[in-house]
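Have a look at entry36.txt; it's compact mmCIF, C-alpha atoms:
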```txt
# COMPACT_ATOMS: atom_id res chain seq x y z
CA MET M 84 145.58 113.64 94.04
CA SER M 85 145.89 110.09 95.42
CA PHE M 86 144.10 108.36 98.26
CA THR M 87 145.68 106.05 100.84
CA LYS M 88 143.52 103.74 102.93
CA ILE M 89 144.34 104.18 106.64
CA HIS M 90 142.18 101.55 108.35
CA PRO M 91 138.62 100.22 108.26
CA THR M 92 136.11 101.42 110.86
CA ILE M 93 133.62 98.87 112.15
CA HIS M 94 130.29 100.10 113.49
CA SER M 95 128.22 97.69 115.60
CA LEU M 96 124.48 98.34 115.75
CA LYS M 97 122.32 96.75 118.42
CA LEU M 98 118.70 95.99 117.57
CA ASN M 99 116.01 97.95 119.41
CA PRO M 100 113.01 95.57 119.46
CA ARG M 101 110.76 98.01 121.30
CA LYS M 102 111.19 100.85 118.81
CA ILE M 103 110.84 98.56 115.79
CA THR M 104 107.63 96.94 117.01
CA GLN M 105 106.17 100.25 118.21
CA ARG M 106 106.29 101.45 114.62
CA LEU M 107 104.78 98.21 113.35
CA PHE M 108 101.97 98.48 115.91
CA LEU M 109 101.34 102.10 114.91
CA ILE M 110 100.76 101.06 111.30
CA ILE M 111 98.38 98.31 112.48
CA PHE M 112 96.43 100.88 114.52
CA LEU M 113 96.16 103.23 111.53
CA LEU M 114 95.01 100.44 109.19
CA LEU M 115 92.38 99.15 111.64
CA THR M 116 91.17 102.70 112.27
CA ALA M 117 90.83 103.28 108.52
CA ASN M 118 88.90 100.01 108.16
CA THR M 119 86.58 100.84 111.07
CA ILE M 120 85.84 104.26 109.57
CA ASN M 121 85.18 102.52 106.25
CA VAL M 122 82.66 100.12 107.85
CA ILE M 123 80.84 103.02 109.50
CA LEU M 124 80.74 105.02 106.26
CA GLN M 125 79.56 102.05 104.19
CA HIS M 126 76.59 101.49 106.52
CA THR M 127 75.67 105.12 107.18
CA ARG M 128 76.37 106.50 103.68
CA PRO M 129 75.21 103.68 101.40
CA LEU M 130 74.92 105.86 98.30
CA GLU M 131 77.61 105.29 95.70
CA ASN M 132 80.48 107.70 96.02
CA TRP M 133 83.88 107.36 94.38
CA ILE M 134 85.66 108.51 97.55
CA LEU M 135 83.87 105.90 99.69
CA ASP M 136 84.47 103.26 97.03
CA SER M 137 88.19 104.09 97.01
CA ILE M 138 88.40 103.91 100.82
CA ASP M 139 86.65 100.53 100.74
CA LYS M 140 88.89 99.25 97.95
CA PHE M 141 92.15 100.19 99.62
CA PHE M 142 91.39 99.73 103.36
CA ASN M 143 88.69 97.05 103.72
CA VAL M 144 90.48 94.22 105.54
CA ASN M 145 88.14 91.68 103.93
CA ASN M 146 89.18 92.68 100.42
CA GLU M 147 92.14 91.14 98.64
CA ALA M 148 95.20 92.79 97.09
CA ASN M 149 94.92 96.01 99.07
CA ILE M 150 96.97 97.83 101.71
CA PRO M 151 96.01 95.65 104.76
CA THR M 152 96.65 92.47 102.74
CA PHE M 153 100.10 93.56 101.62
CA TYR M 154 101.00 94.80 105.10
CA SER M 155 99.95 91.47 106.63
CA ALA M 156 102.11 89.67 104.06
CA PHE M 157 104.99 92.03 104.85
CA LEU M 158 104.72 91.26 108.58
CA LEU M 159 104.72 87.52 107.89
CA LEU M 160 107.77 87.78 105.63
CA PHE M 161 109.50 89.98 108.21
CA ALA M 162 108.79 87.31 110.84
CA ALA M 163 110.19 84.67 108.45
CA LEU M 164 113.36 86.72 107.95
CA VAL M 165 113.88 87.25 111.68
CA ALA M 166 113.27 83.54 112.36
CA TYR M 167 115.84 82.61 109.69
CA VAL M 168 118.41 85.03 111.13
CA THR M 169 117.70 83.53 114.57
CA PHE M 170 118.34 80.06 113.11
CA HIS M 171 121.79 81.10 111.88
CA GLN M 172 122.60 82.92 115.11
CA ALA M 173 121.44 79.97 117.25
CA LYS M 174 123.77 77.61 115.34
CA VAL M 175 126.72 79.52 116.82
CA SER M 176 125.86 78.49 120.37
CA SER M 177 124.15 75.15 119.67
CA SER M 178 123.91 72.39 117.07
CA ILE M 179 122.04 72.65 113.79
CA LYS M 180 119.54 70.11 115.11
CA GLN M 181 118.77 72.28 118.15
CA ALA M 182 118.46 75.41 115.98
CA ARG M 183 116.37 73.71 113.27
CA PRO M 184 112.96 74.73 114.70
CA TRP M 185 113.76 78.37 113.90
CA GLN M 186 114.25 77.34 110.26
CA VAL M 187 110.95 75.46 110.30
CA LEU M 188 109.21 78.55 111.68
CA ALA M 189 110.77 80.67 108.94
CA GLY M 190 109.41 78.31 106.28
CA LEU M 191 105.99 78.28 107.94
CA PHE M 192 105.78 82.07 107.91
CA VAL M 193 106.75 82.15 104.22
CA PHE M 194 103.90 79.72 103.49
CA VAL M 195 101.38 81.79 105.47
CA ALA M 196 102.55 84.97 103.70
CA LEU M 197 102.02 83.24 100.34
CA ASP M 198 98.59 82.12 101.51
CA GLU M 199 97.76 85.69 102.52
CA ILE M 200 98.51 86.90 98.99
CA VAL M 201 97.09 84.11 96.79
CA GLN M 202 94.38 82.84 99.20
CA ILE M 203 95.28 79.14 99.25
CA HIS M 204 92.85 78.60 102.13
CA GLU M 205 89.91 79.79 99.98
CA PHE M 206 90.61 77.04 97.44
CA THR M 207 90.91 74.59 100.33
CA SER M 208 87.44 75.57 101.60
CA ASN M 209 85.90 75.11 98.15
CA PHE M 210 87.40 71.62 97.99
CA ILE M 211 86.43 70.46 101.51
CA ARG M 212 82.97 72.05 101.90
CA PRO M 213 81.10 69.63 99.56
CA TRP M 214 82.39 66.67 101.58
CA LEU M 215 80.99 67.89 104.90
CA LYS M 216 77.65 66.45 106.02
CA SER M 217 77.07 69.53 108.18
CA ASP M 218 78.79 72.88 108.59
CA LEU M 219 77.51 73.14 112.21
CA SER M 220 75.29 76.18 111.58
CA GLY M 221 78.03 77.89 109.63
CA LEU M 222 80.86 77.34 112.10
CA LEU M 223 82.61 75.18 109.51
CA TYR M 224 81.40 77.09 106.46
CA TRP M 225 84.95 78.33 105.97
CA SER M 226 86.09 74.72 106.09
CA TRP M 227 89.79 75.49 105.56
CA VAL M 228 89.93 75.82 109.36
CA ILE M 229 89.88 72.00 109.63
CA PRO M 230 93.19 71.17 107.86
CA TYR M 231 94.82 74.38 109.07
CA PHE M 232 93.93 73.60 112.69
CA LEU M 233 95.41 70.12 112.24
CA LEU M 234 98.53 71.76 110.80
CA PHE M 235 98.66 74.05 113.83
CA LEU M 236 98.42 71.06 116.20
CA GLY M 237 101.23 69.30 114.33
CA VAL M 238 103.50 72.34 114.46
CA ALA M 239 102.65 72.91 118.13
CA ALA M 240 103.53 69.29 118.97
CA TYR M 241 106.82 69.57 117.06
CA LEU M 242 107.79 72.84 118.77
CA PHE M 243 106.48 72.03 122.26
CA ARG M 244 109.72 70.97 123.96
CA PHE M 245 111.76 73.47 121.95
CA VAL M 246 109.63 76.42 123.09
CA LEU M 247 109.59 75.23 126.71
CA ASN M 248 113.41 75.23 126.74
CA LEU M 249 113.67 78.84 125.56
CA PRO M 250 114.45 81.62 128.07
CA ALA M 251 111.31 82.34 130.10
CA TYR M 252 110.69 85.82 128.68
CA THR M 253 111.07 84.68 125.06
CA ARG M 254 108.98 81.56 125.69
CA ASN M 255 106.10 83.48 127.25
CA ILE M 256 105.99 86.13 124.51
CA ILE M 257 106.04 83.48 121.75
CA ILE M 258 103.21 81.52 123.42
CA LEU M 259 101.22 84.76 123.79
CA SER M 260 101.80 85.67 120.13
CA GLY M 261 100.67 82.22 118.98
CA PHE M 262 97.54 82.38 121.14
CA ILE M 263 96.60 85.80 119.75
CA TYR M 264 97.23 84.77 116.15
CA VAL M 265 95.41 81.41 116.23
CA SER M 266 92.47 82.85 118.22
CA GLY M 267 92.00 85.43 115.48
CA ALA M 268 92.80 83.35 112.41
CA ILE M 269 90.83 80.23 113.37
CA GLY M 270 88.66 81.11 116.38
CA LEU M 271 87.06 84.20 114.87
CA GLU M 272 86.83 82.52 111.46
CA LEU M 273 84.39 80.04 113.03
CA LEU M 274 82.19 82.89 114.26
CA GLU M 275 82.40 84.64 110.90
CA GLY M 276 81.02 81.55 109.17
CA HIS M 277 78.15 81.42 111.68
CA PHE M 278 77.29 85.10 111.19
CA TYR M 279 77.63 84.69 107.43
CA LYS M 280 74.88 82.05 107.48
CA LEU M 281 72.72 84.24 109.75
CA TYR M 282 73.12 87.62 108.09
CA SER M 283 75.38 87.84 105.01
CA LEU M 284 78.99 88.42 104.09
CA ASN M 285 78.79 92.22 104.19
CA HIS M 286 76.69 92.59 107.34
CA LYS M 287 78.17 95.08 109.81
CA TYR M 288 78.64 92.35 112.45
CA ASN M 289 80.71 90.28 110.07
CA GLU M 290 82.71 93.28 108.87
CA LEU M 291 83.60 94.21 112.46
CA LEU M 292 84.59 90.59 113.10
CA TYR M 293 86.87 90.71 110.04
CA CYS M 294 88.49 93.83 111.47
CA LEU M 295 89.03 92.11 114.82
CA GLU M 296 90.36 88.96 113.14
CA GLU M 297 92.87 90.77 110.94
CA GLY M 298 93.90 92.93 113.87
CA MET M 299 94.59 89.90 116.05
CA GLU M 300 96.57 88.23 113.26
CA MET M 301 98.75 91.29 112.69
CA ILE M 302 99.20 91.88 116.43
CA GLY M 303 100.11 88.22 116.95
CA VAL M 304 102.76 88.28 114.22
CA THR M 305 104.19 91.59 115.44
CA THR M 306 104.38 90.24 119.00
CA PHE M 307 106.30 87.24 117.63
CA ILE M 308 108.67 89.59 115.79
CA TYR M 309 109.30 91.45 119.05
CA ALA M 310 110.04 88.17 120.86
CA LEU M 311 112.59 87.11 118.25
CA LEU M 312 114.30 90.50 117.99
CA ASP M 313 114.66 90.50 121.77
CA HIS M 314 115.96 86.92 121.65
CA LEU M 315 118.53 87.91 119.01
CA ASN M 316 119.84 90.53 121.43
CA PHE M 317 120.02 87.78 124.07
CA LEU M 318 122.09 85.68 121.63
CA GLY M 319 124.46 88.60 121.09
CA PHE M 320 123.38 89.41 117.54
CA ARG M 321 124.68 92.71 116.15
CA ILE M 322 124.53 94.37 112.75
CA THR M 323 128.03 95.41 111.72
CA VAL M 324 128.85 98.03 109.12
CA THR M 325 132.43 98.48 107.89
CA THR M 326 133.56 101.77 106.38
CA GLU M 327 136.95 102.60 104.89
CA ASP M 328 138.85 105.73 105.92
CA TYR M 329 141.16 107.35 103.37
CA SER M 330 143.78 110.08 103.52
CA SER M 331 144.57 112.21 100.49
CA LYS M 332 147.86 113.31 98.95
CA ILE M 333 148.22 116.06 96.37
```

Take the structure I supplied and represent it as structure tokens, if you would.
Amino acid sequence: MSFTKIHPTIHSLKLNPRKITQRLFLIIFLLLTANTINVILQHTRPLENWILDSIDKFFNVNNEANIPTFYSAFLLLFAALVAYVTFHQAKVSSSIKQARPWQVLAGLFVFVALDEIVQIHEFTSNFIRPWLKSDLSGLLYWSWVIPYFLLFLGVAAYLFRFVLNLPAYTRNIIILSGFIYVSGAIGLELLEGHFYKLYSLNHKYNELLYCLEEGMEMIGVTTFIYALLDHLNFLGFRITVTTEDYSSKI
């Protein structure tokens, strides 16, 4: 029996931003629900229990190297990938210089994903804190917020005109995503430092703030992913799959 290739078949797949992000949001909801249940159990059932300890280990958003941490890193890397694809797609209809901000955003998301995993900001706090004359009643206890906020201002200044020139829908969603993310990552971190000085790290108020902070960060990144996937559709991006058809002879 021999096979003869007839012709290739090209399948073009259009992205569905709504369906993709709905699934991402569902996972966020499940993780935050698991964390909230964990907080309630830890404060109402304080006796040691291997089941409760396992739930806390795997779902506490303030722990490191667990499911919420890896999912947050996954979202950030996904955002980096989509931003990089957008950079290449934008080069088709504009110059490299005009598309460059997408590449910068991709690199920024890779850095934040790395920070999420290895906790660069924790080392930054340990370095800066001894140099501060006052932590403002704990607001600056997590002192990494100072250089990271300056980094945010620098990136915002660099991207300002670029974002304003985007299509209105994309622009508004990106601004919303940035507001949600920064409000959680930096804004709530200030409050967490204040409550840490008042109560302790594992007080229920702080643990609920951690849940809200991580939720806002994940929601902000997912909203950004939606904005870029929708923008890729606007740019005419398609995923193409080529298959070969064969006929057989005996």

Practice item. Would you kindly return, as JSON, numbers by chain, each protein, DNA or RNA residue with an atom no farther than 12 Å from any atom of M:Val304, considering only C-alpha atoms and excluding same-chain residues fewer than 6 positions away? Key: {"M": [104, 107, 108, 111, 154, 155, 156, 157, 158, 159, 160, 161, 162, 163, 165, 166, 188, 192, 195, 196, 256, 257, 258, 259, 260, 261, 262, 263, 264, 265, 267, 268, 297, 298, 310, 311]}

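Pairwise distance (atom CA of M:Leu223, atom CA of M:Leu273) equals 6.3 Å.
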
Let me have the centre and edge lengths of the axis-aligned box enclosing all listed atoms of stretch 206-222 of chain M with 3 Å padding on every side, in Å to one decimal, as JSON.
```
{"center_x": 83.1, "center_y": 72.2, "center_z": 104.8, "size_x": 21.6, "size_y": 17.4, "size_z": 20.8}
```

Revision key, fill the gap. Residue with the minimum atom-to-atom distance to M:Ile211, picked from M:Asn255, M:Asn289, M:Ser226, M:Thr119 with all atoms listed in the file counted, is M:Ser226

Review point. Expressed in Å to a single decimal, how great is the separation between atom CA of M:Arg106 and atom CA of M:Lys140?
Key: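 Calculated distance between atom CA of M:Arg106 and atom CA of M:Lys140 is 24.2 Å.
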
Check your understanding: When distances are computed from only C-alpha atoms, which of M:Leu113, M:Val168, M:Leu291, M:Ile200 shows the smallest separation from M:Leu315?
Key ->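 Ranking M:Leu113, M:Val168, M:Leu291, M:Ile200 by distance to M:Leu315, first place goes to M:Val168.
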
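Of note, atom CA of M:Ile120 and atom CA of M:Lys287 are spaced 12.0 Å apart.
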
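When all atoms listed in the file are used to measure the gap to M:Tyr282, the shortest distance among M:Gly221, M:Pro250, M:Gly319, M:Gly270 belongs to M:Gly221.
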
Check your understanding: Using only C-alpha atoms, which of the listed residues (M:Leu197, M:Ala117, M:Leu135, M:Leu191) sits closest to M:Val238?
Key ->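 Comparing M:Leu197, M:Ala117, M:Leu135, M:Leu191 against M:Val238, the winner is M:Leu191.
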
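Using all atoms listed in the file, the protein and nucleic acid residues lying at most 7 Å from the point (85.8, 79.6, 111.5) are Leu222, Leu223, Trp225, Val228, Ile269, Gly270, Leu271, Glu272, Leu273, Leu274, Glu275 and Gly276 of chain M.
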
Practice item. Find, counting all atoms listed in the file, the residue in M:Met301, M:Ile110, M:Val201, M:Thr169 that gets nearest to M:Asp313. Key: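 For M:Asp313, the nearest of the given residues is M:Thr169.
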
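With only C-alpha atoms taken into account, every residue lying no more than 6 Å from the file point (75.7, 82.2, 112.1) is included here: Gly221, His277, Phe278, Tyr279, Lys280 and Leu281 of chain M.
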